[in-house]
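Colleague: Input structure: data_4.cif, which contains mmCIF, C-alpha atoms.
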data_final
loop_
_atom_site.label_atom_id
_atom_site.label_comp_id
_atom_site.auth_asym_id
_atom_site.auth_seq_id
_atom_site.Cartn_x
_atom_site.Cartn_y
_atom_site.Cartn_z
CA MET A 23 -3.78 30.58 -11.23
CA THR A 24 -1.62 33.22 -9.57
CA GLY A 25 0.72 35.58 -11.39
CA ARG A 26 1.71 39.20 -11.89
CA ARG A 27 -0.86 41.93 -12.31
CA ARG A 28 -1.34 42.91 -15.94
CA PRO A 29 0.46 46.28 -16.48
CA SER A 30 -1.61 49.38 -17.27
CA PRO A 31 -1.58 50.31 -20.93
CA ARG A 32 0.70 53.14 -21.95
CA PRO A 33 0.01 55.61 -24.78
CA PHE A 34 1.64 54.69 -28.07
CA PRO A 35 3.66 57.26 -29.93
CA ARG A 36 2.05 58.57 -33.10
CA ALA A 37 2.85 56.16 -35.93
CA SER A 38 1.45 54.82 -39.11
CA ALA A 39 -1.67 52.67 -38.94
CA ALA A 40 0.26 49.55 -39.90
CA ALA A 41 2.99 50.15 -37.33
CA THR A 42 0.39 50.88 -34.67
CA ALA A 43 -1.46 47.65 -35.40
CA ALA A 44 1.74 45.61 -35.29
CA THR A 45 2.79 47.20 -32.02
CA ALA A 46 -0.64 46.58 -30.50
CA CYS A 47 -0.48 42.89 -31.42
CA THR A 48 2.98 42.56 -29.90
CA ALA A 49 1.85 44.30 -26.71
CA ALA A 50 -1.23 42.07 -26.45
CA LEU A 51 0.86 38.94 -26.77
CA ALA A 52 3.36 40.22 -24.20
CA SER A 53 0.52 41.06 -21.85
CA LEU A 54 -0.96 37.58 -22.26
CA LEU A 55 2.40 35.95 -21.53
CA SER A 56 3.02 38.11 -18.47
CA ALA A 57 -0.34 37.42 -16.85
CA CYS A 58 0.79 34.07 -15.41
CA GLY A 59 4.32 33.89 -16.70
CA SER A 60 3.21 31.53 -19.47
CA LEU A 61 0.50 30.76 -21.91
CA PRO A 62 -2.71 29.42 -20.32
CA GLY A 63 -2.38 25.77 -19.38
CA THR A 64 1.42 25.78 -19.37
CA SER A 65 4.05 26.10 -16.67
CA GLY A 66 6.52 28.26 -18.53
CA GLU A 67 7.92 25.50 -20.75
CA PRO A 68 6.59 25.18 -24.29
CA GLY A 69 4.05 22.39 -24.56
CA GLU A 70 3.86 21.74 -20.79
CA LYS A 71 0.77 21.93 -18.60
CA GLU A 72 0.67 22.97 -14.97
CA PRO A 73 2.67 20.59 -12.73
CA ILE A 74 0.92 18.21 -10.35
CA THR A 75 2.05 17.81 -6.75
CA VAL A 76 1.33 14.64 -4.75
CA MET A 77 2.75 13.16 -1.56
CA THR A 78 3.83 9.67 -0.49
CA TRP A 79 4.61 8.97 3.16
CA ALA A 80 5.84 5.98 5.14
CA PRO A 81 7.78 5.21 8.33
CA VAL A 82 11.56 5.14 7.91
CA ASP A 83 14.32 4.31 10.44
CA THR A 84 11.94 3.51 13.30
CA LYS A 85 12.00 0.69 15.87
CA ALA A 86 8.86 -0.92 14.40
CA THR A 87 7.74 -1.49 10.80
CA ASN A 88 9.59 0.56 8.17
CA MET A 89 8.59 1.06 4.54
CA PRO A 90 11.37 3.08 2.87
CA GLY A 91 10.68 1.43 -0.48
CA MET A 92 7.33 3.17 -0.83
CA PRO A 93 8.55 6.80 -1.08
CA ALA A 94 11.56 5.58 -3.07
CA MET A 95 9.27 3.83 -5.57
CA ALA A 96 7.16 7.00 -5.83
CA GLN A 97 10.24 9.05 -6.70
CA ALA A 98 11.35 6.50 -9.31
CA TYR A 99 7.86 6.56 -10.81
CA ALA A 100 8.01 10.35 -11.07
CA ARG A 101 11.37 10.22 -12.83
CA TRP A 102 9.94 7.71 -15.28
CA VAL A 103 6.75 9.57 -16.20
CA ASN A 104 8.51 12.93 -16.36
CA ALA A 105 11.07 11.48 -18.76
CA GLN A 106 8.10 10.56 -20.96
CA GLY A 107 6.56 14.03 -20.81
CA GLY A 108 4.68 13.75 -17.52
CA LEU A 109 1.17 12.59 -16.71
CA ASP A 110 -0.85 13.68 -19.71
CA GLY A 111 1.66 16.52 -20.15
CA HIS A 112 1.75 17.50 -16.47
CA HIS A 113 5.11 17.35 -14.71
CA LEU A 114 4.69 15.10 -11.64
CA LYS A 115 6.22 16.40 -8.41
CA VAL A 116 6.38 13.81 -5.60
CA LEU A 117 6.89 15.00 -2.04
CA THR A 118 7.86 12.38 0.55
CA CYS A 119 7.45 12.34 4.31
CA ASN A 120 8.50 10.11 7.22
CA ASP A 121 5.52 9.48 9.50
CA ARG A 122 7.94 7.99 12.09
CA ASN A 123 5.37 5.40 13.15
CA ASP A 124 3.64 7.80 15.52
CA SER A 125 0.48 9.86 15.46
CA VAL A 126 2.26 13.22 15.59
CA GLY A 127 4.41 12.32 12.61
CA ALA A 128 1.39 11.17 10.62
CA ALA A 129 -0.46 14.42 11.33
CA ARG A 130 2.59 16.46 10.30
CA CYS A 131 2.86 14.59 7.01
CA ALA A 132 -0.80 15.26 6.28
CA GLN A 133 -0.35 18.96 7.06
CA ARG A 134 2.65 19.12 4.73
CA ALA A 135 0.46 17.69 1.97
CA VAL A 136 -2.14 20.37 2.69
CA ASP A 137 0.44 23.17 2.74
CA ALA A 138 1.93 21.98 -0.56
CA LYS A 139 -1.54 21.91 -2.15
CA ALA A 140 -1.10 18.27 -3.08
CA VAL A 141 -3.87 16.92 -5.29
CA ALA A 142 -3.58 13.47 -3.64
CA VAL A 143 -1.64 11.36 -1.19
CA VAL A 144 -0.61 8.26 -3.11
CA GLY A 145 0.74 4.81 -2.18
CA SER A 146 1.46 5.52 1.49
CA TYR A 147 1.78 3.60 4.77
CA SER A 148 0.68 4.73 8.22
CA GLN A 149 -1.02 3.02 11.13
CA PHE A 150 -2.39 6.33 12.38
CA GLY A 151 -5.43 6.95 10.25
CA ARG A 152 -7.13 9.07 12.88
CA SER A 153 -4.23 11.51 12.75
CA PHE A 154 -3.83 11.87 9.00
CA ILE A 155 -7.30 11.42 7.55
CA SER A 156 -9.00 14.47 9.14
CA PRO A 157 -6.63 17.09 7.64
CA LEU A 158 -7.02 15.41 4.25
CA GLU A 159 -10.81 15.32 4.51
CA ILE A 160 -11.05 18.97 5.59
CA HIS A 161 -9.10 20.04 2.50
CA GLY A 162 -10.62 17.48 0.13
CA ILE A 163 -7.36 15.63 -0.62
CA PRO A 164 -7.90 12.02 -1.77
CA TYR A 165 -5.89 9.18 -0.23
CA ILE A 166 -5.15 6.75 -3.07
CA GLY A 167 -3.83 3.25 -2.51
CA GLY A 168 -2.78 3.32 1.10
CA TYR A 169 -1.17 0.14 2.39
CA GLY A 170 -4.31 -0.78 4.32
CA VAL A 171 -3.21 -0.93 7.96
CA SER A 172 -5.61 1.63 9.45
CA ASP A 173 -9.38 1.42 9.76
CA GLU A 174 -9.83 4.93 8.38
CA GLU A 175 -8.48 3.83 5.00
CA PHE A 176 -11.58 1.67 4.65
CA ALA A 177 -14.08 4.14 6.09
CA SER A 178 -13.20 7.65 4.87
CA PRO A 179 -15.07 8.80 1.74
CA LEU A 180 -11.79 10.28 0.50
CA SER A 181 -9.89 6.98 0.69
CA TYR A 182 -9.51 4.80 -2.40
CA PRO A 183 -7.86 1.49 -1.37
CA VAL A 184 -6.44 -0.79 -4.05
CA ASN A 185 -6.37 -3.93 -1.91
CA GLY A 186 -8.36 -5.43 0.95
CA GLY A 187 -5.84 -4.38 3.58
CA SER A 188 -4.94 -6.44 6.60
CA ALA A 189 -8.52 -7.69 6.75
CA SER A 190 -8.30 -9.61 3.49
CA LEU A 191 -4.80 -10.93 4.26
CA LEU A 192 -5.83 -12.34 7.64
CA ALA A 193 -9.14 -13.75 6.44
CA GLY A 194 -7.31 -15.27 3.49
CA ASN A 195 -4.55 -16.65 5.72
CA GLY A 196 -7.20 -18.33 7.86
CA ARG A 197 -8.77 -19.89 4.77
CA GLN A 198 -5.36 -21.03 3.53
CA LEU A 199 -4.38 -22.62 6.86
CA ALA A 200 -7.75 -24.28 7.41
CA SER A 201 -6.93 -26.82 4.71
CA VAL A 202 -3.74 -28.05 6.43
CA CYS A 203 -3.90 -27.10 10.13
CA GLU A 204 -5.86 -28.70 12.95
CA ARG A 205 -4.67 -26.12 15.48
CA VAL A 206 -3.44 -22.58 14.85
CA ALA A 207 -1.66 -20.01 17.01
CA LEU A 208 -1.60 -16.37 15.88
CA VAL A 209 1.33 -14.25 17.04
CA ARG A 210 0.43 -10.60 16.56
CA PRO A 211 1.35 -7.15 17.92
CA ASP A 212 -0.18 -6.04 21.20
CA THR A 213 -1.66 -2.89 19.66
CA LEU A 214 -5.10 -1.59 18.73
CA GLN A 215 -4.54 -2.74 15.16
CA GLY A 216 -3.37 -6.11 16.41
CA ASP A 217 -6.52 -6.51 18.49
CA GLN A 218 -8.57 -6.88 15.30
CA MET A 219 -6.43 -9.66 13.86
CA PRO A 220 -7.74 -12.73 15.73
CA ALA A 221 -11.36 -12.22 14.68
CA LEU A 222 -10.36 -11.77 11.04
CA LEU A 223 -8.13 -14.85 10.99
CA ASN A 224 -10.79 -16.87 12.77
CA THR A 225 -13.37 -15.96 10.13
CA GLY A 226 -11.21 -17.71 7.57
CA LEU A 227 -10.60 -20.69 9.85
CA THR A 228 -14.33 -21.00 10.43
CA ASP A 229 -14.89 -21.23 6.70
CA GLY A 230 -12.69 -24.31 6.78
CA SER A 231 -14.51 -25.79 9.79
CA ARG A 232 -11.55 -25.17 12.10
CA ARG A 233 -11.65 -23.84 15.64
CA ALA A 234 -10.43 -20.39 16.59
CA ALA A 235 -6.71 -19.68 16.75
CA GLN A 236 -4.88 -19.23 20.03
CA ASP A 237 -4.18 -15.51 20.39
CA VAL A 238 -0.54 -14.80 21.29
CA ARG A 239 0.18 -11.12 21.92
CA ALA A 240 3.70 -9.80 21.50
CA PRO A 241 5.40 -6.36 21.63
CA GLU A 242 5.34 -4.57 18.30
CA ASP A 243 8.97 -3.46 18.63
CA GLY A 244 10.38 -6.35 20.65
CA THR A 245 13.98 -7.53 20.41
CA ASP A 246 13.36 -10.95 22.00
CA TYR A 247 10.33 -13.10 21.26
CA ASP A 248 11.24 -16.21 23.24
CA ASP A 249 8.15 -15.89 25.42
CA ALA A 250 5.81 -15.48 22.45
CA ALA A 251 7.45 -18.40 20.63
CA ARG A 252 7.11 -20.61 23.71
CA ARG A 253 3.42 -19.79 24.11
CA ALA A 254 2.75 -20.38 20.41
CA LEU A 255 4.48 -23.78 20.50
CA GLU A 256 2.55 -24.78 23.60
CA ALA A 257 -0.72 -23.79 21.93
CA VAL A 258 -0.15 -26.21 19.04
CA GLY A 259 1.15 -29.12 21.09
CA ALA A 260 4.93 -28.74 20.77
CA PRO A 261 6.24 -26.99 23.92
CA PRO A 262 10.00 -26.49 24.11
CA ASP A 263 10.27 -28.50 27.35
CA GLY A 264 9.51 -31.73 25.53
CA THR A 265 6.20 -32.48 27.25
CA GLY A 266 4.10 -32.06 24.15
CA ASN A 267 1.43 -34.51 23.12
CA GLY A 268 2.15 -34.68 19.42
CA THR A 269 0.64 -37.52 17.46
CA GLY A 270 2.65 -40.34 15.96
CA GLY A 271 5.76 -39.32 17.85
CA ALA A 272 5.91 -35.95 16.07
CA LYS A 273 5.21 -33.02 18.35
CA GLY A 274 2.76 -30.49 17.05
CA ALA A 275 1.65 -32.52 14.03
CA GLY A 276 -1.27 -30.69 12.48
CA GLY A 277 -0.31 -27.48 14.26
CA CYS A 278 0.48 -24.17 12.57
CA VAL A 279 1.93 -20.93 13.91
CA THR A 280 1.25 -17.79 11.89
CA ALA A 281 3.04 -14.55 12.79
CA THR A 282 2.14 -11.03 11.67
CA LEU A 283 4.62 -8.72 13.37
CA GLY A 284 5.78 -6.60 10.46
CA GLU A 285 9.56 -6.23 10.41
CA ARG A 286 9.78 -8.00 13.78
CA THR A 287 8.51 -11.22 12.25
CA ASP A 288 12.13 -11.98 11.43
CA THR A 289 13.06 -11.71 15.12
CA PHE A 290 10.13 -13.89 16.14
CA PHE A 291 11.01 -16.70 13.75
CA ASP A 292 14.58 -16.60 15.03
CA SER A 293 13.25 -17.27 18.56
CA PHE A 294 10.85 -19.87 17.20
CA ARG A 295 13.62 -21.75 15.40
CA ARG A 296 15.78 -21.90 18.54
CA LEU A 297 12.95 -23.13 20.78
CA GLN A 298 11.19 -25.50 18.39
CA PRO A 299 11.69 -29.17 19.43
CA ALA A 300 13.88 -31.22 17.08
CA ASP A 301 11.00 -33.58 16.26
CA SER A 302 8.45 -30.79 15.83
CA LYS A 303 6.10 -30.96 12.86
CA VAL A 304 4.66 -27.50 13.42
CA ARG A 305 4.16 -25.56 10.20
CA ILE A 306 4.68 -21.82 10.01
CA ALA A 307 2.83 -19.11 8.14
CA SER A 308 2.54 -15.36 7.73
CA VAL A 309 1.22 -12.69 5.41
CA LEU A 310 3.12 -10.72 2.77
CA GLY A 311 4.51 -7.62 4.38
CA SER A 312 5.43 -9.45 7.56
CA ALA A 313 7.37 -12.06 5.58
CA GLY A 314 8.56 -12.21 1.99
CA GLN A 315 11.35 -13.27 -0.33
CA ALA A 316 13.87 -10.93 1.31
CA LEU A 317 13.24 -12.57 4.69
CA VAL A 318 13.47 -16.03 3.16
CA ASP A 319 16.84 -15.12 1.65
CA ARG A 320 18.17 -13.59 4.89
CA THR A 321 17.24 -16.63 6.95
CA GLY A 322 18.91 -19.25 4.79
CA GLY A 323 16.67 -19.81 1.78
CA ARG A 324 15.80 -23.47 1.23
CA SER A 325 17.72 -24.52 4.36
CA GLY A 326 16.15 -21.81 6.53
CA PRO A 327 13.17 -21.89 8.89
CA LEU A 328 10.75 -20.45 6.32
CA GLU A 329 11.12 -23.34 3.87
CA GLY A 330 7.62 -24.77 3.45
CA ALA A 331 5.91 -21.74 5.02
CA TYR A 332 2.47 -20.62 3.86
CA LEU A 333 1.96 -16.95 3.03
CA THR A 334 -1.05 -14.93 1.91
CA GLY A 335 -0.64 -11.87 -0.30
CA TRP A 336 -2.70 -9.35 -2.24
CA TYR A 337 -0.98 -9.62 -5.58
CA PRO A 338 0.64 -12.20 -7.88
CA VAL A 339 4.05 -13.56 -6.84
CA ALA A 340 6.96 -11.23 -7.57
CA SER A 341 8.22 -13.45 -10.41
CA ASP A 342 4.95 -13.07 -12.32
CA PRO A 343 5.50 -11.34 -15.69
CA ARG A 344 2.72 -8.87 -14.88
CA TRP A 345 5.30 -7.08 -12.73
CA ASN A 346 7.71 -6.60 -15.64
CA PRO A 347 6.69 -2.97 -16.37
CA MET A 348 7.38 -2.05 -12.73
CA ARG A 349 10.69 -3.87 -12.78
CA LYS A 350 11.77 -2.00 -15.90
CA VAL A 351 10.97 1.34 -14.26
CA ILE A 352 12.99 0.32 -11.20
CA ASN A 353 15.91 -0.81 -13.33
CA ASP A 354 15.89 2.30 -15.52
CA HIS A 355 15.01 5.03 -13.02
CA ALA A 356 15.84 3.91 -9.47
CA PHE A 357 19.60 4.06 -10.13
CA GLY A 358 20.44 1.08 -7.93
CA ASP A 359 18.39 2.35 -4.99
CA ASN A 360 18.52 -0.60 -2.61
CA ARG A 361 15.48 0.65 -0.72
CA ILE A 362 13.30 -0.60 -3.56
CA ASP A 363 12.61 -4.34 -3.49
CA PRO A 364 10.29 -5.39 -6.36
CA ALA A 365 8.98 -8.23 -4.16
CA ASP A 366 7.97 -5.89 -1.33
CA PRO A 367 4.18 -5.45 -1.15
CA GLY A 368 4.67 -1.82 -0.13
CA VAL A 369 6.59 -1.11 -3.31
CA GLN A 370 4.01 -3.06 -5.30
CA THR A 371 1.11 -1.16 -3.71
CA THR A 372 2.80 2.15 -4.52
CA TRP A 373 3.17 1.12 -8.17
CA ILE A 374 -0.51 0.22 -8.35
CA ALA A 375 -1.57 3.42 -6.58
CA TYR A 376 0.35 5.56 -9.06
CA THR A 377 -1.21 3.54 -11.87
CA VAL A 378 -4.58 4.70 -10.51
CA LEU A 379 -3.39 8.31 -10.38
CA ARG A 380 -2.16 8.14 -13.96
CA SER A 381 -5.50 6.74 -15.15
CA VAL A 382 -7.38 9.56 -13.41
CA ILE A 383 -5.15 12.31 -14.86
CA GLU A 384 -5.48 10.85 -18.35
CA GLU A 385 -9.26 10.67 -17.98
CA LEU A 386 -9.37 14.32 -16.94
CA GLY A 387 -7.23 15.21 -19.95
CA GLU A 388 -9.65 13.43 -22.26
CA GLN A 389 -12.40 15.61 -20.77
CA GLY A 390 -10.39 18.73 -21.58
CA VAL A 391 -9.49 19.50 -17.96
CA ASP A 392 -6.04 21.09 -17.78
CA GLU A 393 -6.13 22.38 -14.20
CA ILE A 394 -5.77 19.30 -12.00
CA THR A 395 -7.11 19.86 -8.49
CA ALA A 396 -7.76 17.59 -5.54
CA GLN A 397 -11.49 18.09 -6.08
CA ALA A 398 -11.23 17.08 -9.75
CA VAL A 399 -9.32 13.92 -8.81
CA GLN A 400 -11.84 13.04 -6.12
CA GLN A 401 -14.86 13.58 -8.35
CA THR A 402 -13.35 11.47 -11.13
CA LEU A 403 -12.69 8.62 -8.71
CA ASP A 404 -16.19 8.86 -7.25
CA ARG A 405 -17.92 8.87 -10.63
CA GLY A 406 -16.00 5.82 -11.77
CA ASP A 407 -16.82 6.40 -15.42
CA ARG A 408 -13.82 4.27 -16.33
CA ALA A 409 -12.47 1.32 -14.36
CA VAL A 410 -8.72 1.42 -13.65
CA ASP A 411 -6.84 -1.37 -15.39
CA THR A 412 -3.76 -2.37 -13.35
CA GLY A 413 -2.50 -4.89 -15.88
CA GLY A 414 -3.97 -7.88 -14.05
CA LEU A 415 -2.24 -7.14 -10.74
CA THR A 416 -5.68 -6.53 -9.24
CA PRO A 417 -9.20 -6.72 -10.62
CA LYS A 418 -10.21 -3.57 -12.48
CA LEU A 419 -10.78 -0.95 -9.81
CA ARG A 420 -13.68 1.44 -9.22
CA TRP A 421 -14.92 3.15 -6.07
CA ARG A 422 -18.59 3.76 -6.81
CA SER A 423 -21.08 2.91 -4.08
CA SER A 424 -22.09 -0.18 -6.01
CA ASP A 425 -18.46 -1.39 -6.02
CA MET A 426 -18.06 -1.37 -2.23
CA LEU A 427 -18.14 -4.76 -0.52
CA ALA A 428 -20.44 -5.27 2.46
CA VAL A 429 -17.57 -5.84 4.90
CA PRO A 430 -18.27 -4.99 8.56
CA ASP A 431 -15.99 -2.16 9.75
CA PHE A 432 -14.33 -1.86 6.31
CA PRO A 433 -16.97 -0.38 3.97
CA ARG A 434 -14.50 1.07 1.42
CA ILE A 435 -13.03 -2.29 0.37
CA VAL A 436 -13.58 -2.86 -3.36
CA ASN A 437 -11.03 -5.65 -3.87
CA GLY A 438 -11.59 -8.90 -1.99
CA LEU A 439 -8.99 -10.97 -3.83
CA VAL A 440 -5.85 -12.52 -2.31
CA THR A 441 -3.19 -14.97 -3.46
CA TYR A 442 -1.92 -18.12 -1.73
CA GLN A 443 1.84 -18.48 -1.78
CA ALA A 444 4.38 -20.87 -0.28
CA VAL A 445 8.16 -21.11 0.12
CA ARG A 446 9.54 -23.97 -1.96
CA ASP A 447 13.25 -24.51 -2.57
CA GLY A 448 13.87 -21.11 -1.05
CA GLN A 449 11.54 -19.26 -3.44
CA LEU A 450 8.10 -17.77 -2.98
CA VAL A 451 5.82 -19.45 -5.49
CA ALA A 452 2.09 -19.61 -6.07
CA ALA A 453 0.53 -22.27 -3.84
CA LYS A 454 -2.70 -21.87 -5.80
CA GLN A 455 -2.96 -20.47 -9.30
CA GLY A 456 -4.81 -17.22 -9.72
CA PHE A 457 -6.63 -15.14 -7.17
CA VAL A 458 -8.75 -16.40 -4.27
CA ASP A 459 -11.91 -14.40 -3.59
CA VAL A 460 -12.43 -13.94 0.16
CA THR A 461 -15.28 -11.48 -0.21
CA ARG A 462 -17.90 -13.77 1.39
CA THR A 463 -15.50 -14.58 4.21
CA LEU A 464 -14.99 -10.87 4.88
CA GLU A 465 -18.67 -10.10 4.70
CA ARG A 466 -19.55 -12.75 7.28
CA PRO A 467 -20.24 -11.39 10.80
CA ARG A 468 -17.27 -11.81 13.13
CA GLY A 469 -16.99 -12.54 16.80
CA ASP A 470 -14.45 -11.03 19.14
CA GLY A 471 -11.84 -13.62 18.26
#
Would you mind writing the file out in structure tokens?

Modeller:
Amino acid sequence: MTGRRRPSPRPFPRASAAATAATACTAALASLLSACGSLPGTSGEPGEKEPITVMTWAPVDTKATNMPGMPAMAQAYARWVNAQGGLDGHHLKVLTCNDRNDSVGAARCAQRAVDAKAVAVVGSYSQFGRSFISPLEIHGIPYIGGYGVSDEEFASPLSYPVNGGSASLLAGNGRQLASVCERVALVRPDTLQGDQMPALLNTGLTDGSRRAAQDVRAPEDGTDYDDAARRALEAVGAPPDGTGNGTGGAKGAGGCVTATLGERTDTFFDSFRRLQPADSKVRIASVLGSAGQALVDRTGGRSGPLEGAYLTGWYPVASDPRWNPMRKVINDHAFGDNRIDPADPGVQTTWIAYTVLRSVIEELGEQGVDEITAQAVQQTLDRGDRAVDTGGLTPKLRWRSSDMLAVPDFPRIVNGLVTYQAVRDGQLVAAKQGFVDVTRTLERPRGDG
């Protein structure tokens, strides 16, 4: 704790013994108050403990995937807990940062967290794990509940993921499609992260005794996906030129096209809809984050191209009552902020990540720890004395060595559950009740795709 130097004592004027004693007590109290500007364990306000600073970052206003709802949800969460007296009496200060979807921006955000002495980075999104994880590791700052799009989130000892990341979504999507698709084409970004997607999807397809998907690469920030849509349709037997070999007079019957292009998935499905033959029976699919209720609504709801689509997510559908506490916080403290969509998995992940943070701070308070540091947060997470209850949105979470799944390349995964969803009558609904455990699928050795 930093503060002003305690002043040197001055001689008291000669006075009676009682007056001298009273003056001495007053001086001692004043000296105690001046040492840090407050009583020990407070921040200058009666009954308050030292504030806690954390950071949430995400890309905003870029040409590729944007996640403005994540920092906005973090700020709404802070307003909510501070209105209730803070996290175990600590005022929560949330700093936000735009990583701009590039490695330099990610590194700058991490350095800002270091400079601000943040005790954690919470509920954030960045593809550039190599750029942000090293500064955090050097300064011992935990990374809690990242979105799960970089390998480092599932390898760094300071990362505490709340979901299975892209790995579980793709493996789960493969499992989901294996039950209805004879042929699958995967449309994915032509990036390093995208290069991992075919093998993960194929692991799920293999579980369902299906052959590997056709890999269709596409630009991450494209504005026209006609070429990718054409190749995907050809791969499943429904080429736009009408020379397909569909069975029973229906081109592409038994074929499925799944697209994972982030925000550009919308643009891809627009191209797909225009090029798809009129008698095509090709089914479409995606994962939450690349598609969701907002996209369904924008593209026409029940009469749009996503009607009947299969989607794989991490969490229960947005209409599930387990999300009601989050919705109330958004309604009461987001002040109509249209960046926050309760159905967005980025917003949902941020809510869960801050739930983890709150559990850790409360556990430290129960242990009598008033000074919250990054090291204290990390050690509490590593010990895992108490599992984090997220209200049924995930399994109870712990990050002890014994909780880690044996997933190749993703050793920090502790949650191997996904949900199967589908678009019916323009609404995302559960295609299968409850969670689906894809742990064994993830743990199975993978080929190159």

Colleague: For segment 394-452 of chain A against segment 461-470 of chain A, with a cut-off of 9 Å and counting all atoms listed in the file, what is the closest atom pair and its distance in Å to one decimal for every residue that makes the cut, ordered by chain and number, as CSV?

Modeller:
residue,atom,partner,partner_atom,distance
A:Leu427,CA,A:Thr461,CA,7.3
A:Ala428,CA,A:Glu465,CA,5.6
A:Val429,CA,A:Glu465,CA,4.4
A:Pro430,CA,A:Glu465,CA,6.4
A:Asn437,CA,A:Thr461,CA,8.1
A:Gly438,CA,A:Thr461,CA,4.8
A:Leu439,CA,A:Thr461,CA,7.3

Colleague: Which residues of segment 352-382 of chain A have any atom within 9 Å of an atom in segment 291-312 of chain A when counting only C-alpha atoms, and what is the closest pair of atoms for each, with the distance in Å to one decimal? Order the rows by chain and rising number and write it as CSV.

Modeller:
residue,atom,partner,partner_atom,distance
A:Asp366,CA,A:Gly311,CA,6.9
A:Pro367,CA,A:Gly311,CA,5.9
A:Gly368,CA,A:Gly311,CA,7.3

Colleague: Running the PyMOL selection byres ((chain A and resi 232-236) around 8) on this model by hand, what would come out? Give it as a PDB file with C-alpha atoms, in the frame of the given file.

Modeller:
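Output file selection.pdb is given in full below:
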ATOM      1  CA  ALA A 200      -7.750 -24.280   7.410  1.00  0.00           C
ATOM      2  CA  GLU A 204      -5.860 -28.700  12.950  1.00  0.00           C
ATOM      3  CA  ARG A 205      -4.670 -26.120  15.480  1.00  0.00           C
ATOM      4  CA  VAL A 206      -3.440 -22.580  14.850  1.00  0.00           C
ATOM      5  CA  ALA A 207      -1.660 -20.010  17.010  1.00  0.00           C
ATOM      6  CA  LEU A 208      -1.600 -16.370  15.880  1.00  0.00           C
ATOM      7  CA  PRO A 220      -7.740 -12.730  15.730  1.00  0.00           C
ATOM      8  CA  LEU A 223      -8.130 -14.850  10.990  1.00  0.00           C
ATOM      9  CA  ASN A 224     -10.790 -16.870  12.770  1.00  0.00           C
ATOM     10  CA  LEU A 227     -10.600 -20.690   9.850  1.00  0.00           C
ATOM     11  CA  THR A 228     -14.330 -21.000  10.430  1.00  0.00           C
ATOM     12  CA  ASP A 229     -14.890 -21.230   6.700  1.00  0.00           C
ATOM     13  CA  GLY A 230     -12.690 -24.310   6.780  1.00  0.00           C
ATOM     14  CA  SER A 231     -14.510 -25.790   9.790  1.00  0.00           C
ATOM     15  CA  ASP A 237      -4.180 -15.510  20.390  1.00  0.00           C
ATOM     16  CA  VAL A 238      -0.540 -14.800  21.290  1.00  0.00           C
ATOM     17  CA  ALA A 254       2.750 -20.380  20.410  1.00  0.00           C
ATOM     18  CA  ALA A 257      -0.720 -23.790  21.930  1.00  0.00           C
ATOM     19  CA  GLY A 471     -11.840 -13.620  18.260  1.00  0.00           C
TER      20      GLY A 471
END

Colleague: State, in Å with one decimal place, the distance from atom CA of Gly274 of chain A to atom CA of Glu242 of chain A.

Modeller: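 Interatomic distance here is 26.1 Å.
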
Colleague: Please measure the separation of atom CA of Leu158 of chain A and atom CA of Met426 of chain A, giving the value in Å to one decimal.

Modeller: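 Distance between the two atoms: 21.1 Å.
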
Colleague: Hey, what comes out of the PyMOL selection byres ((chain A and resi 419) around 10) on this file? Could you write it as a PyMOL selection string?

Modeller: chain A and resi 182-185+378+403+406+408-412+416-418+420-422+425+436-437

Colleague: Identify which of the residues A:Cys203, A:Ile374, A:Ala275, A:Ala100 lies closest to Gly414 of chain A, counting all atoms listed in the file when measuring atom-to-atom distances.

Modeller: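 That would be A:Ile374, the residue with the smallest distance to Gly414 of chain A.
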
Colleague: Tell me which residues the PyMOL selection byres ((chain A and resi 135) around 12) grabs here, as a PyMOL selection string.

Modeller: chain A and resi 75-79+115-119+128-134+136-144+154-155+157-159+161-165+396

Colleague: Ranking A:Ile435, A:Leu192, A:Ala316, A:Ala98 by minimum distance to Glu174 of chain A and counting only C-alpha atoms, which one comes first?

Modeller: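 Of A:Ile435, A:Leu192, A:Ala316, A:Ala98, the one nearest Glu174 of chain A, counting only C-alpha atoms, is A:Ile435.
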
Colleague: For Gly194 of chain A, which residue out of A:Leu222, A:Ile383, A:Met89, A:Val351 is the nearest one, using only C-alpha atoms?

Modeller: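 Among A:Leu222, A:Ile383, A:Met89, A:Val351, it is A:Leu222 that comes nearest to Gly194 of chain A.
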
Colleague: Need the neighbours of (11.1, 8.3, -14.5): which residues are at most 12 Å away, counting only C-alpha atoms, as a ChimeraX atom specification?

Modeller: /A:94-109,113-116,348,350-357

Colleague: Restricting the calculation to all atoms listed in the file, which member of A:Ile74, A:Thr441, A:Gly167, A:Val126 is positioned closest to Ser153 of chain A?

Modeller: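 Nearest candidate to Ser153 of chain A out of A:Ile74, A:Thr441, A:Gly167, A:Val126: A:Val126.
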
Colleague: Work out how far atom CA of Gly168 of chain A is from atom CA of Val440 of chain A, in Å to one decimal.

Modeller: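 Straight-line distance from atom CA of Val440 of chain A to atom CA of Gly168 of chain A works out to 16.5 Å.
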
Colleague: With distances taken over all atoms listed in the file, which residue among A:Ser201, A:Thr213, A:Thr334, A:Gln443 lies nearest Gly277 of chain A?

Modeller: A:Ser201

Colleague: What's the 12 Å shell around Asp110 of chain A, counting only C-alpha atoms, without same-chain residues fewer than 3 positions away, as a list in words?

Modeller: Gly69, Glu70, Lys71, Glu72, Pro73, Ile74, Val103, Asn104, Gln106, Gly107, His113, Leu114, Leu379, Arg380, Ser381, Val382, Ile383, Glu384, Glu385, Leu386, Gly387, Glu388, Gln389, Gly390, Val391, Asp392, Glu393 and Ile394 of chain A
